[in-house]
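Student: Just passing along the structure, written as C-alpha cells.
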Amino acid sequence: EAIRFIDATEGPWCAHLSYIKPHWPYIVPEPYASMYGPNDVPPANRSDGERVDAHPVFDTFMNGPIGRAFQDEDVRAKVIPAYMGLIKQCDDQLGRLLDHLEETGQMRDTMIVLTSDHGDYLGDHHLGEKNLFHDASVRVPMIVYDPRPEADATRGTVCEAMVESIDLAATFVEAAGGAVPDHIIEGRSLMPWLRGETPEWRDYVISEYDFSAQPIAVKLGLEPRDCRLFMVFDGRYKLMHCAAPDLRPMLFDLQNDPNELEDLAKVDTHAAVIVRLRGYLHNWGLRMSQRVTKSETDIVAMRGASTGKGVLPFLKDGSEVDARLTEKYRGPVRQNHLKD
C-alpha cells in the first residue's frame, strides 16, 4: 500500500507507515514462525529484590495477569521467538519499500525515519507490555536517514542526545523548509544534530502514561485523576512519579544501575535528586503548549488592536491613547441629533 501511495503521488509526499507488528496476539506466518526458537531467548532482566517493598503501582502490574504470564519461562520461550519472527517480517517488508525507492531514484531525496512508539517488557522486571518507564519500555530505536549533503557529517554515527518522539514533528517541519511553531509543536527539531551541530538542548526528557481505564486503578482504589504516571530522566537519574498524593516515587541511577533493578526511593538517601527531578516536572508543566495556539507574531499583532474598535472605555480626557483613536470625537459637534 505504501508503494502504491508513493507511485500515485505527484510532487512531494509524506508517508507514515505504521506496522502493528511486532505485537500480540503474536500470530506469525511462515517462514517467520520457524526462524527462531527457545535457544534465541535472552534471560529476563529482573531480580527478586524488585519485589521487596515495591512501589504499589509497580507491584500491582507485576501481580496482574500480563505480568504473571511473562514471569512464566514457558510463555517467554514461546512468545519471544514469535516476537522476533514478527520483527524479521517487518524488516523484510521495509526492505521491499527501500528497494522500490532505490529503483525509482527516490532514495536520493527522501528522508527516512525508523522508530517505534514504545518497547515491550517481555518478562523484564517481572512485567509484560509497556506499563512503566524502565528502558525496556521507553528507550526505543531511532534511525534517521537524510540524503542531503548537509547530513554527510553525521552519516553512520550515533547521537547520544536526549530525544523525545515528539521531536519528529518539529524535524519534519524544518526539513520541509517551514518554521517550527513552538507554541503548538512541543518537540524540538533534530536537524541541527543531523548537520553535526551541537545546539543548546534539553536537560531532561519526559514520558507520560495514564492507567485510569485499567483494572489496576480499581485494585489500587485510585480516582481517575490520580492514575497519571510521569517519567523524568536527566541522562543519569530516572524518576517515576504518580499523581496520587499518597504514593512515593521510584528512582533509578542508570550510571551505577543500568539494569534499573534498585529503586533508590525505597530509602531516604536521594531526597535532593528527587526534589530536583520533580522541579523539572514542574517546569515542564508550564511549557508553551499549556498556553495558547496563537503564534507569538499573532499575539504581538493583537496588542492594542481592540482599542481601535467600538467604544473607548476608561478614558479621562483621551490623552491615554493614540490621537488617531479619538479623532472622530474631537472638535466641534458634527451633528445635531435634534434635527432629521
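Following the order of the C-alpha cells, first chain is A, next is B, and so on, with residues numbered from 1 inside each chain and ligands from 1 in the order they appear.
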I want to know what sits within 10 Å of Val113 of chain A, based on only C-alpha atoms, with residues of the same chain fewer than 6 positions away left out; could you give that as a PyMOL selection string?

Tutor: chain A and resi 16+142-146+168

Student: Among segment 34-198 of chain A, which ones does DSSP assign to helix (DSSP H, G or I) (computed from the backbone)? Answer as a PyMOL selection string.

Tutor: chain A and resi 34+38-40+48-51+56-62+65-70+73-103+107-109+124-126+135-138+149-154+167-175+191-194

Student: Using only C-alpha atoms, I'd like a table of the residues in segment 89-156 of chain A that come within 12 Å of segment 261-269 of chain A; for each, show the closest atom pair and its distance in Å rounded to one decimal, ordered by chain and ascending number, as a Markdown table.

Tutor:
| residue | atom | partner | partner_atom | distance |
| --- | --- | --- | --- | --- |
| A:Asp124 | CA | A:Leu261 | CA | 10.1 |
| A:His125 | CA | A:Leu261 | CA | 7.7 |
| A:His126 | CA | A:Leu261 | CA | 10.9 |
| A:His134 | CA | A:Leu261 | CA | 9.6 |
| A:Asp135 | CA | A:Leu261 | CA | 11.3 |

Student: Using the selection just defined, write its residues with C-alpha atoms as a short mmCIF file (atom, residue, chain, number, x, y, z; two decimals), in the first residue's frame.

Tutor:
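The result, written out as selection.cif:
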data_model
loop_
_atom_site.label_atom_id
_atom_site.label_comp_id
_atom_site.auth_asym_id
_atom_site.auth_seq_id
_atom_site.Cartn_x
_atom_site.Cartn_y
_atom_site.Cartn_z
CA ASP A 124 11.92 -7.90 32.16
CA HIS A 125 11.23 -6.51 35.65
CA HIS A 126 8.54 -9.20 36.07
CA HIS A 134 12.01 1.19 32.53
CA ASP A 135 14.26 1.34 29.47
#

Student: Write out as a ChimeraX atom specification which residues come within 10 Å of Gly123 of chain A when counting only C-alpha atoms, dropping same-chain ones fewer than 6 positions away.

Tutor: /A:43-46,62,66-73,75-76,80,129,136

Student: So that I can see what lies close to Met111 of chain A, please list as a ChimeraX atom specification the residues with an atom at most 12 Å from it, counting only C-alpha atoms and leaving out residues fewer than 3 positions away in the same chain.

Tutor: /A:12-16,98,101,106-108,114,143-148,151,168,171-172,175-176,191,194

Student: Could you tell me how far atom CA of Ser116 of chain A lies from atom CA of Val28 of chain A, in Å and to one decimal?

Tutor: 19.4 Å

Student: Find the spatial neighbours of Gly64 of chain A, counting only C-alpha atoms, within a cut-off of 10 Å - ignore same-chain residues fewer than 3 positions away - and output them as a list in words.

Tutor: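 Selected residues are Phe58, Asp59, Thr60, Phe61, Gly67, Arg68, Ala69, Leu127, Gly128, Pro215 and Ile216 of chain A.
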
Student: Let's have the selection written as a PDB file, in the first residue's frame, with C-alpha atoms.

Tutor:
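Saved file result-v5.pdb follows:
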ATOM      1  CA  PHE A  58       4.734  -1.463  40.075  1.00  0.00           C
ATOM      2  CA  ASP A  59       3.642  -4.231  42.460  1.00  0.00           C
ATOM      3  CA  THR A  60       0.115  -4.310  41.060  1.00  0.00           C
ATOM      4  CA  PHE A  61       1.359  -4.506  37.487  1.00  0.00           C
ATOM      5  CA  GLY A  67       2.968  -9.667  34.482  1.00  0.00           C
ATOM      6  CA  ARG A  68       2.291 -13.172  35.802  1.00  0.00           C
ATOM      7  CA  ALA A  69       2.169 -14.567  32.262  1.00  0.00           C
ATOM      8  CA  LEU A 127       6.351  -7.350  33.543  1.00  0.00           C
ATOM      9  CA  GLY A 128       4.894  -7.644  30.073  1.00  0.00           C
ATOM     10  CA  PRO A 215      -8.398  -2.688  36.271  1.00  0.00           C
ATOM     11  CA  ILE A 216      -5.268  -1.782  38.247  1.00  0.00           C
TER      12      ILE A 216
END

Student: One number please: atom CA of Ala243 of chain A to atom CA of Trp24 of chain A, in Å, one decimal.

Tutor: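 Going from atom CA of Ala243 of chain A over to atom CA of Trp24 of chain A, I get 29.3 Å.
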
Student: Determine the nearest neighbour of Pro56 of chain A from the options A:Asp246, A:Glu174, A:Asp257, A:Glu208, counting only C-alpha atoms.

Tutor: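 Smallest separation from Pro56 of chain A among the options: A:Asp246.
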
Student: In Å, how far is it from atom CA of Asp234 of chain A to atom CA of Pro42 of chain A?

Tutor: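 Between these atoms lies a distance of 28.5 Å.
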
Student: Nearest to Ala161 of chain A: which of A:Pro38, A:Gly235, A:Gly221, A:Pro249 is it, counting only C-alpha atoms?

Tutor: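 Answer, going by the shortest atom-to-atom distance: A:Gly235.
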
Student: With a distance cut-off of 12 Å and only C-alpha atoms, select the neighbouring residues of Ala33 of chain A, excluding the residue or stretch itself and same-chain residues fewer than 6 positions from it, and output the selection as a PyMOL selection string.

Tutor: chain A and resi 26-27+78-89

Student: Might you pull out every residue within 12 Å of Glu200 of chain A, with only C-alpha atoms counted and same-chain residues fewer than 4 positions away left off, and present them as a list of chain:residue names?

Tutor: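 Contacts, in chain order: A:Ala161, A:Met162, A:Arg188, A:Ser189, A:Leu190, A:Pro192, A:Trp193.
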
Student: Generate the output file for the selected residues, N, CA and C atoms, as a tab-separated table (two decimals), in the first residue's frame.

Tutor:
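Written out: result32.tsv:
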chain	number	residue	atom	x	y	z
A	161	ALA	N	22.20	12.44	22.26
A	161	ALA	CA	21.33	13.48	22.81
A	161	ALA	C	20.03	12.87	23.33
A	162	MET	N	19.44	13.52	24.32
A	162	MET	CA	18.16	13.06	24.87
A	162	MET	C	17.04	13.50	23.94
A	188	ARG	N	11.43	19.38	19.59
A	188	ARG	CA	12.47	20.23	19.03
A	188	ARG	C	13.08	19.55	17.82
A	189	SER	N	13.36	20.32	16.80
A	189	SER	CA	13.89	19.76	15.55
A	189	SER	C	15.24	19.11	15.78
A	190	LEU	N	15.43	17.94	15.19
A	190	LEU	CA	16.69	17.22	15.27
A	190	LEU	C	17.65	17.60	14.14
A	192	PRO	N	19.62	20.18	13.60
A	192	PRO	CA	20.99	20.58	13.97
A	192	PRO	C	21.89	19.40	14.28
A	193	TRP	N	21.37	18.39	14.97
A	193	TRP	CA	22.17	17.21	15.26
A	193	TRP	C	22.54	16.47	13.98

Student: Under the rule that only C-alpha atoms are counted, which of A:Gly119, A:Gly318, A:Gly178, A:Gly196 is the nearest residue to Gly156 of chain A?

Tutor: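 Counting only C-alpha atoms, the residue closest to Gly156 of chain A is A:Gly196.
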